[in-house]
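Structure below is data-v6.csv: CSV, C-alpha atoms.
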```csv
chain,number,residue,atom,x,y,z
A,492,MET,CA,4.6,-14.5,-24.6
A,493,LYS,CA,5.3,-11.4,-22.4
A,494,PRO,CA,2.9,-10.7,-19.6
A,495,LYS,CA,0.3,-7.9,-20.2
A,496,LYS,CA,1.3,-4.5,-19.0
A,497,ILE,CA,0.0,-3.6,-15.5
A,498,THR,CA,-2.2,-0.4,-15.8
A,499,LYS,CA,-4.9,-0.9,-13.1
A,500,ALA,CA,-4.4,-0.8,-9.3
A,501,VAL,CA,-6.8,-1.5,-6.4
A,502,PHE,CA,-6.5,0.4,-3.2
A,503,PRO,CA,-8.4,-1.3,-0.3
A,504,VAL,CA,-9.3,1.7,2.0
A,505,ALA,CA,-12.6,0.5,3.6
A,506,GLY,CA,-11.1,-0.1,7.1
A,507,LEU,CA,-12.3,1.8,10.1
A,508,GLY,CA,-8.8,2.6,11.4
A,509,THR,CA,-9.8,1.7,15.0
A,510,ARG,CA,-6.1,1.6,16.1
A,511,PHE,CA,-6.0,5.4,15.5
A,512,LEU,CA,-9.1,6.4,17.4
A,513,PRO,CA,-10.2,9.1,18.3
A,514,ALA,CA,-8.5,10.7,15.2
A,515,THR,CA,-10.2,8.3,12.8
A,516,LYS,CA,-13.6,9.1,14.3
A,517,SER,CA,-14.0,11.9,11.8
A,518,ILE,CA,-11.3,11.4,9.2
A,519,PRO,CA,-10.3,8.4,7.1
A,520,LYS,CA,-7.0,6.8,8.3
A,521,GLU,CA,-5.6,7.1,4.8
A,522,ILE,CA,-5.8,11.0,5.0
A,523,MET,CA,-3.6,11.1,8.1
A,524,THR,CA,-0.4,12.9,7.2
A,525,LEU,CA,3.1,11.6,7.1
A,526,VAL,CA,5.0,14.9,7.4
A,527,ASP,CA,2.9,16.9,5.0
A,528,ARG,CA,1.3,14.3,2.7
A,529,PRO,CA,-1.5,11.9,3.5
A,530,LEU,CA,-0.7,8.2,3.5
A,531,ILE,CA,-2.8,7.7,0.4
A,532,GLN,CA,-0.7,10.1,-1.6
A,533,TYR,CA,2.4,8.0,-1.0
A,534,ALA,CA,0.6,5.0,-2.4
A,535,ILE,CA,-0.7,6.9,-5.4
A,536,ASP,CA,2.7,8.3,-6.2
A,537,GLU,CA,4.2,4.9,-6.1
A,538,ALA,CA,1.5,3.5,-8.4
A,539,ARG,CA,2.1,6.3,-10.9
A,540,ALA,CA,5.8,5.7,-11.0
A,541,ALA,CA,5.0,2.0,-11.9
A,542,GLY,CA,2.9,3.1,-14.9
A,543,ILE,CA,-0.6,2.7,-13.3
A,544,LYS,CA,-3.2,4.7,-15.2
A,545,GLU,CA,-6.5,3.5,-13.6
A,546,PHE,CA,-7.0,3.7,-9.8
A,547,ILE,CA,-9.7,1.8,-8.1
A,548,PHE,CA,-10.6,2.5,-4.5
A,549,VAL,CA,-12.6,0.1,-2.4
A,550,THR,CA,-14.2,2.3,0.2
A,551,SER,CA,-16.9,2.2,2.9
A,552,ARG,CA,-19.1,4.7,4.7
A,553,GLY,CA,-17.4,7.8,6.1
A,554,LYS,CA,-14.7,8.0,3.4
A,555,SER,CA,-16.0,11.1,1.6
A,556,ALA,CA,-12.9,13.1,2.6
A,557,LEU,CA,-10.8,10.6,0.8
A,558,GLU,CA,-12.8,11.1,-2.4
A,559,ASP,CA,-12.7,14.9,-2.0
A,560,TYR,CA,-8.9,14.8,-1.6
A,561,PHE,CA,-8.4,13.8,-5.2
A,562,ASP,CA,-10.8,16.4,-6.6
A,563,HIS,CA,-9.8,19.8,-7.9
A,564,ALA,CA,-10.1,22.7,-5.5
A,565,PRO,CA,-10.8,25.7,-7.8
A,566,GLU,CA,-11.1,28.3,-5.0
A,567,LEU,CA,-7.9,27.3,-3.4
A,568,GLU,CA,-6.1,27.1,-6.7
A,569,SER,CA,-7.4,30.6,-7.7
A,570,GLU,CA,-6.2,32.1,-4.5
A,571,LEU,CA,-2.8,30.6,-4.9
A,572,ARG,CA,-2.5,32.0,-8.4
A,573,ARG,CA,-3.6,35.4,-7.2
A,574,LYS,CA,-0.8,35.3,-4.6
A,575,ASN,CA,1.6,33.9,-7.2
A,576,LYS,CA,2.4,30.9,-5.0
A,577,THR,CA,3.4,28.7,-7.9
A,578,ASP,CA,5.4,26.3,-5.7
A,579,LEU,CA,2.2,25.4,-3.8
A,580,LEU,CA,0.3,25.1,-7.1
A,581,ASP,CA,2.8,22.5,-8.2
A,582,VAL,CA,2.3,20.6,-5.0
A,583,LEU,CA,-1.4,20.4,-5.6
A,584,LYS,CA,-1.0,19.0,-9.1
A,585,ASP,CA,0.0,15.6,-7.7
A,586,THR,CA,-3.3,15.5,-5.7
A,587,ASN,CA,-5.5,16.0,-8.7
A,588,MET,CA,-6.9,13.1,-10.8
A,589,ASP,CA,-8.1,13.4,-14.3
A,590,SER,CA,-11.8,12.6,-14.9
A,591,GLY,CA,-12.3,8.9,-15.3
A,592,ALA,CA,-8.9,7.9,-13.9
A,593,ILE,CA,-10.2,7.1,-10.5
A,594,ALA,CA,-13.2,5.0,-9.5
A,595,TYR,CA,-14.8,4.0,-6.2
A,596,VAL,CA,-16.6,0.9,-5.2
A,597,ARG,CA,-18.2,0.1,-1.8
A,598,GLN,CA,-17.4,-2.8,0.5
A,599,ASN,CA,-20.6,-2.9,2.5
A,600,ARG,CA,-19.3,-5.4,5.1
A,601,PRO,CA,-15.9,-5.8,6.6
A,602,MET,CA,-15.0,-9.3,5.4
A,603,GLY,CA,-11.3,-9.0,4.8
A,604,LEU,CA,-8.8,-8.1,2.2
A,605,GLY,CA,-9.8,-10.8,-0.2
A,606,HIS,CA,-13.4,-9.7,-0.2
A,607,ALA,CA,-12.3,-6.0,-0.7
A,608,VAL,CA,-10.3,-7.0,-3.8
A,609,TRP,CA,-13.2,-9.1,-5.1
A,610,CYS,CA,-15.5,-6.1,-4.8
A,611,ALA,CA,-13.5,-4.4,-7.6
A,612,ARG,CA,-13.8,-7.4,-10.0
A,613,ARG,CA,-16.0,-5.7,-12.6
A,614,LEU,CA,-13.7,-2.8,-12.9
A,615,ILE,CA,-10.6,-5.0,-13.2
A,616,GLY,CA,-12.0,-7.2,-16.0
A,617,ASN,CA,-9.8,-9.9,-17.5
A,618,GLU,CA,-6.3,-8.4,-17.1
A,619,PRO,CA,-3.5,-8.5,-14.4
A,620,PHE,CA,-3.7,-5.8,-11.8
A,621,ALA,CA,-1.8,-4.4,-8.8
A,622,VAL,CA,-3.0,-4.1,-5.2
A,623,LEU,CA,-1.5,-1.5,-2.9
A,624,LEU,CA,-2.2,-1.2,0.9
A,625,PRO,CA,-1.7,2.4,1.9
A,626,ASP,CA,-0.8,1.4,5.5
A,627,ASP,CA,2.4,0.0,4.1
A,628,VAL,CA,4.6,3.0,3.2
A,629,ILE,CA,7.9,2.0,1.6
A,630,ALA,CA,10.9,4.3,1.3
A,631,ALA,CA,12.9,3.2,-1.7
A,632,GLU,CA,15.2,4.8,-4.3
A,633,LYS,CA,13.1,2.9,-6.9
A,634,PRO,CA,9.5,2.7,-5.8
A,635,CYS,CA,8.5,-0.8,-4.7
A,636,LEU,CA,5.7,-1.4,-7.2
A,637,GLN,CA,8.0,-0.3,-10.0
A,638,GLN,CA,10.5,-2.9,-8.9
A,639,MET,CA,7.7,-5.5,-9.0
A,640,VAL,CA,6.4,-4.5,-12.4
A,641,GLU,CA,9.9,-4.8,-13.9
A,642,ALA,CA,10.4,-8.3,-12.3
A,643,HIS,CA,6.9,-9.4,-13.3
A,644,ALA,CA,7.7,-8.6,-16.9
A,645,GLU,CA,10.2,-11.5,-16.7
A,646,THR,CA,8.3,-13.9,-14.5
A,647,GLY,CA,4.6,-13.4,-15.3
A,648,GLY,CA,2.1,-15.1,-13.0
A,649,CYS,CA,1.3,-13.5,-9.6
A,650,MET,CA,3.9,-11.6,-7.6
A,651,VAL,CA,4.0,-10.5,-3.9
A,652,ALA,CA,6.4,-8.1,-2.2
A,653,ALA,CA,8.2,-9.9,0.5
A,654,MET,CA,10.6,-9.2,3.4
A,655,GLU,CA,12.3,-11.2,6.1
A,656,VAL,CA,10.8,-10.8,9.6
A,657,ALA,CA,11.9,-12.2,13.0
A,658,PRO,CA,10.6,-15.7,13.6
A,659,LYS,CA,8.6,-14.5,16.6
A,660,ARG,CA,6.7,-12.1,14.3
A,661,THR,CA,5.7,-14.6,11.6
A,662,SER,CA,2.3,-15.2,13.2
A,663,SER,CA,1.4,-11.6,12.2
A,664,TYR,CA,1.9,-12.0,8.5
A,665,GLY,CA,1.2,-14.1,5.5
A,666,ILE,CA,4.3,-16.3,5.2
A,667,LEU,CA,5.8,-17.9,2.1
A,668,ASP,CA,6.8,-21.5,1.6
A,669,ILE,CA,9.6,-21.0,-0.8
A,670,GLY,CA,11.2,-23.1,-3.5
A,671,GLU,CA,13.8,-21.8,-5.9
A,672,ASP,CA,15.5,-18.6,-4.6
A,673,ASP,CA,18.0,-16.5,-6.5
A,674,GLY,CA,18.4,-14.0,-3.6
A,675,GLN,CA,15.9,-11.5,-5.0
A,676,ILE,CA,13.0,-13.5,-6.6
A,677,VAL,CA,11.7,-16.6,-5.0
A,678,LYS,CA,9.4,-19.2,-6.5
A,679,VAL,CA,6.5,-19.7,-4.1
A,680,ARG,CA,5.3,-23.3,-3.3
A,681,GLY,CA,2.6,-22.2,-0.8
A,682,MET,CA,1.4,-19.4,1.5
A,683,VAL,CA,0.1,-19.5,5.1
A,684,GLU,CA,-1.9,-16.7,6.6
A,685,LYS,CA,-0.7,-15.9,10.2
A,686,PRO,CA,0.7,-19.3,11.0
A,687,ALA,CA,0.8,-20.4,14.7
A,688,GLN,CA,4.1,-19.8,16.5
A,689,GLY,CA,6.7,-22.2,15.4
A,690,LYS,CA,4.6,-23.4,12.4
A,691,ALA,CA,5.8,-20.9,9.7
A,692,PRO,CA,7.4,-22.5,6.6
A,693,SER,CA,9.9,-19.6,6.4
A,694,ASN,CA,10.4,-16.1,7.8
A,695,LEU,CA,9.7,-14.5,4.4
A,696,ALA,CA,6.6,-12.4,4.9
A,697,VAL,CA,4.1,-10.8,2.4
A,698,ILE,CA,3.6,-7.1,2.7
A,699,GLY,CA,1.0,-4.8,1.1
A,700,ARG,CA,2.0,-4.9,-2.6
A,701,TYR,CA,0.7,-7.5,-5.1
A,702,ILE,CA,0.5,-8.1,-8.8
A,703,LEU,CA,-2.3,-10.5,-9.5
A,704,THR,CA,-3.8,-12.4,-12.4
A,705,PRO,CA,-7.6,-12.2,-13.0
A,706,GLN,CA,-7.7,-15.9,-12.0
A,707,VAL,CA,-7.3,-14.8,-8.4
A,708,LEU,CA,-10.7,-13.1,-8.6
A,709,THR,CA,-12.2,-16.4,-9.8
A,710,ASN,CA,-10.6,-18.1,-6.8
A,711,LEU,CA,-12.1,-15.5,-4.5
A,712,ASN,CA,-15.5,-16.3,-5.9
A,713,LYS,CA,-15.2,-19.8,-4.4
A,714,ILE,CA,-13.4,-19.1,-1.1
A,715,LYS,CA,-15.1,-19.4,2.2
A,716,GLN,CA,-14.0,-17.5,5.3
A,717,GLY,CA,-10.5,-18.3,6.5
A,718,ALA,CA,-8.2,-17.1,9.3
A,719,GLY,CA,-9.9,-14.5,11.5
A,720,GLY,CA,-13.3,-15.2,10.0
A,721,GLU,CA,-12.3,-13.2,6.9
A,722,ILE,CA,-11.9,-14.0,3.2
A,723,GLN,CA,-8.2,-14.1,2.9
A,724,LEU,CA,-6.4,-12.8,-0.3
A,725,THR,CA,-3.5,-15.1,0.6
A,726,ASP,CA,-5.7,-18.2,0.2
A,727,ALA,CA,-6.8,-17.1,-3.3
A,728,ILE,CA,-3.2,-16.4,-4.3
A,729,ALA,CA,-1.9,-19.7,-2.9
A,730,GLN,CA,-4.2,-21.6,-5.3
A,731,GLU,CA,-2.1,-20.3,-8.1
A,732,THR,CA,1.2,-21.8,-6.9
A,733,LYS,CA,0.5,-25.1,-8.6
A,734,LYS,CA,-0.7,-23.6,-11.9
A,735,LYS,CA,1.1,-22.6,-15.0
A,736,GLY,CA,1.8,-18.9,-14.3
A,737,GLY,CA,2.9,-19.6,-10.7
A,738,VAL,CA,3.5,-17.2,-7.8
A,739,TYR,CA,6.7,-15.3,-7.1
A,740,GLY,CA,7.9,-13.3,-4.2
A,741,LEU,CA,10.2,-10.3,-4.7
A,742,ARG,CA,12.6,-9.2,-2.0
A,743,PHE,CA,12.2,-5.5,-2.7
A,744,ARG,CA,14.9,-3.0,-2.0
A,745,GLY,CA,13.7,-0.4,0.5
A,746,GLN,CA,12.4,0.2,4.0
A,747,ARG,CA,8.8,-0.7,4.9
A,748,TYR,CA,6.9,1.1,7.6
A,749,ASP,CA,3.7,-0.3,9.0
A,750,CYS,CA,1.7,2.9,9.3
A,751,GLY,CA,-1.3,0.9,10.3
A,752,SER,CA,0.2,0.8,13.8
A,753,LYS,CA,1.0,3.7,16.0
A,754,ILE,CA,4.7,2.8,16.5
A,755,GLY,CA,5.1,2.3,12.8
A,756,PHE,CA,3.5,5.6,12.0
A,757,LEU,CA,5.8,7.3,14.5
A,758,GLN,CA,8.9,5.6,13.0
A,759,ALA,CA,7.9,6.6,9.5
A,760,THR,CA,7.3,10.2,10.6
A,761,VAL,CA,10.8,10.4,12.0
A,762,ALA,CA,12.4,8.7,9.0
A,763,PHE,CA,10.6,10.8,6.4
A,764,GLY,CA,11.2,14.0,8.5
A,765,LEU,CA,14.9,13.4,8.7
A,766,SER,CA,15.1,12.8,4.9
A,767,ARG,CA,13.7,16.2,4.1
A,768,PRO,CA,16.5,18.5,3.0
A,769,GLU,CA,14.7,21.7,4.0
A,770,PHE,CA,14.5,20.8,7.7
A,771,GLY,CA,16.0,17.4,8.2
A,772,GLU,CA,19.2,18.7,9.9
A,773,GLU,CA,17.2,20.9,12.3
A,774,PHE,CA,14.9,18.0,13.1
A,775,ALA,CA,17.8,15.7,13.8
A,776,ASP,CA,19.2,18.3,16.3
A,777,PHE,CA,15.9,18.4,18.0
A,778,LEU,CA,15.7,14.6,18.3
A,779,HIS,CA,19.2,14.5,19.8
A,780,GLU,CA,18.3,17.1,22.3
A,781,MET,CA,15.1,15.2,23.3
A,782,VAL,CA,17.1,12.0,23.8
A,783,ALA,CA,19.7,13.8,25.9
A,784,MET,CA,17.0,15.3,28.0
A,785,GLN,CA,15.4,11.9,28.6
A,786,LYS,CA,18.7,10.3,29.6
A,787,ALA,CA,19.4,13.2,32.0
A,788,ALA,CA,16.0,12.9,33.6
A,789,GLN,CA,16.6,9.2,34.2
```
Please, can you express the file's structure as structure tokens?
Amino acid sequence: MKPKKITKAVFPVAGLGTRFLPATKSIPKEIMTLVDRPLIQYAIDEARAAGIKEFIFVTSRGKSALEDYFDHAPELESELRRKNKTDLLDVLKDTNMDSGAIAYVRQNRPMGLGHAVWCARRLIGNEPFAVLLPDDVIAAEKPCLQQMVEAHAETGGCMVAAMEVAPKRTSSYGILDIGEDDGQIVKVRGMVEKPAQGKAPSNLAVIGRYILTPQVLTNLNKIKQGAGGEIQLTDAIAQETKKKGGVYGLRFRGQRYDCGSKIGFLQATVAFGLSRPEFGEEFADFLHEMVAMQKAAQ
């Protein structure tokens, strides 16, 4: 029997964004712009491309700007129509959500990613669902979640997006213990959250894209605090490795940027800026000039 179609996605956006203070003192981190679109818009666009119809945001206090972003702006739209700025009206269309397509639930205590996903359990119900972490922005010809949905249609079970990392960086990720491996899809035997240096079962790391079965929510009901004093989503997924559906890792095709860190955000800004046809060449010239000036100053 073919797996059910994935139509719901959870976006955990309750974090305080302390690594980006003071900017995040007054605005949610997910509203910070990468070139001219906020991080959350990249995640939403990726989900839409994968066929997601229902969007569930797990939020916290101080996230009202995030909710307002997806609402209609009648005065702005009216002004753009009056000035015949149809190109900007088209841009705004992607930021609007139909009534009922988006829902918000609160995570009232910061208890980790597993707890954030568990908070959305009543809206997910008894069907498979996706989880997207907006901090992870992925540049890909075919959006990462779309790649996963297509692969999941063949494998079923749970699926995580995976990429190889340097051995010295494995302690910063959830790491897969892998079995069968065809070069793109791997069968997962186990998962370890942030293993100690030299203790990682592989260098294949989980990044912020998941397709999960409702059984993972049941597992989260029973899990106690794990690594870092948080309820780890990795622990709940790992319990599915021995069960019938199993867990798979997909080596996605694309470049991932960790926009939860300052250096990752800067790297993504440069990469996405260079990719824009309207000013990429001019931006590249500027960067070359800056590098030349720095070298000359040294």
Which residues, written as number ranges by chain, have at least one atom at most 9 Å from segment 592-599 of chain A, with all atoms listed in the file counted and residues fewer than 6 positions away on the same chain left out?
A: 505, 544-552, 558, 561, 606-607, 610-611, 614
- Please, what distance in Å, to one decimal, runs between atom CA of Asn587 of chain A and atom CA of Val622 of chain A?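 According to the coordinates, atom CA of Asn587 of chain A and atom CA of Val622 of chain A are separated by 20.6 Å.
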* To do: For Leu530 of chain A, list every protein, DNA or RNA residue within 12 Å, evaluated using all atoms listed in the file, and leave out those in the same chain fewer than 2 positions away; present the list as a PyMOL selection string.
  => chain A and resi 502+504+519-528+532-537+557+560+623-629+748-751+756+759-760+763
Next, write the just-selected residues to a file, as an mmCIF file, keeping the file's coordinate frame, keeping C-alpha atoms as the atom set.
```cif
data_model
loop_
_atom_site.group_PDB
_atom_site.id
_atom_site.type_symbol
_atom_site.label_atom_id
_atom_site.label_comp_id
_atom_site.auth_asym_id
_atom_site.auth_seq_id
_atom_site.Cartn_x
_atom_site.Cartn_y
_atom_site.Cartn_z
ATOM 1 C CA PHE A 502 -6.500 0.400 -3.200
ATOM 2 C CA VAL A 504 -9.300 1.700 2.000
ATOM 3 C CA PRO A 519 -10.300 8.400 7.100
ATOM 4 C CA LYS A 520 -7.000 6.800 8.300
ATOM 5 C CA GLU A 521 -5.600 7.100 4.800
ATOM 6 C CA ILE A 522 -5.800 11.000 5.000
ATOM 7 C CA MET A 523 -3.600 11.100 8.100
ATOM 8 C CA THR A 524 -0.400 12.900 7.200
ATOM 9 C CA LEU A 525 3.100 11.600 7.100
ATOM 10 C CA VAL A 526 5.000 14.900 7.400
ATOM 11 C CA ASP A 527 2.900 16.900 5.000
ATOM 12 C CA ARG A 528 1.300 14.300 2.700
ATOM 13 C CA GLN A 532 -0.700 10.100 -1.600
ATOM 14 C CA TYR A 533 2.400 8.000 -1.000
ATOM 15 C CA ALA A 534 0.600 5.000 -2.400
ATOM 16 C CA ILE A 535 -0.700 6.900 -5.400
ATOM 17 C CA ASP A 536 2.700 8.300 -6.200
ATOM 18 C CA GLU A 537 4.200 4.900 -6.100
ATOM 19 C CA LEU A 557 -10.800 10.600 0.800
ATOM 20 C CA TYR A 560 -8.900 14.800 -1.600
ATOM 21 C CA LEU A 623 -1.500 -1.500 -2.900
ATOM 22 C CA LEU A 624 -2.200 -1.200 0.900
ATOM 23 C CA PRO A 625 -1.700 2.400 1.900
ATOM 24 C CA ASP A 626 -0.800 1.400 5.500
ATOM 25 C CA ASP A 627 2.400 0.000 4.100
ATOM 26 C CA VAL A 628 4.600 3.000 3.200
ATOM 27 C CA ILE A 629 7.900 2.000 1.600
ATOM 28 C CA TYR A 748 6.900 1.100 7.600
ATOM 29 C CA ASP A 749 3.700 -0.300 9.000
ATOM 30 C CA CYS A 750 1.700 2.900 9.300
ATOM 31 C CA GLY A 751 -1.300 0.900 10.300
ATOM 32 C CA PHE A 756 3.500 5.600 12.000
ATOM 33 C CA ALA A 759 7.900 6.600 9.500
ATOM 34 C CA THR A 760 7.300 10.200 10.600
ATOM 35 C CA PHE A 763 10.600 10.800 6.400
#
```
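One finds atom CA of Cys649 of chain A at 16.8 Å from atom CA of Glu684 of chain A.
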Students should find that atom CA of Glu780 of chain A and atom CA of Pro768 of chain A are spaced 19.4 Å
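When all atoms listed in the file are used to compute distances to Leu711 of chain A, the closest of the residues A:Thr586, A:Trp609, A:Gly689, A:Leu507 turns out to be A:Trp609.
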Judged by all atoms listed in the file, the minimum distance to Pro601 of chain A among A:Asn710, A:Gln723, A:Ser517, A:Thr661 is found for A:Gln723
Residues within 12 Å of (3.2, -18.4, 2.0), counting all atoms listed in the file, listed as a VMD selection string | chain A and resid 650 to 654 661 to 662 664 to 670 677 to 686 690 to 698 724 to 732 738 to 740
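Proximity to Leu636 of chain A was assessed for A:Phe770, A:Phe777, A:Phe511, A:Tyr701 counting all atoms listed in the file; the smallest distance is recorded for A:Tyr701.
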If we count only C-alpha atoms and set the cut-off at 8 Å, which residues sit around Gly647 of chain A, ignoring sequence neighbours fewer than 4 positions away in its own chain? Please answer as a list in words.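 Near Gly647 of chain A, the qualifying residues are Lys493, Pro494, His643, Gly736 and Gly737 of chain A.
Among A:Ala500, A:Ile543, A:Leu708, A:Ala564, the residue with the shortest atom-to-atom distance to Asn617 of chain A, counting only C-alpha atoms, is A:Leu708.
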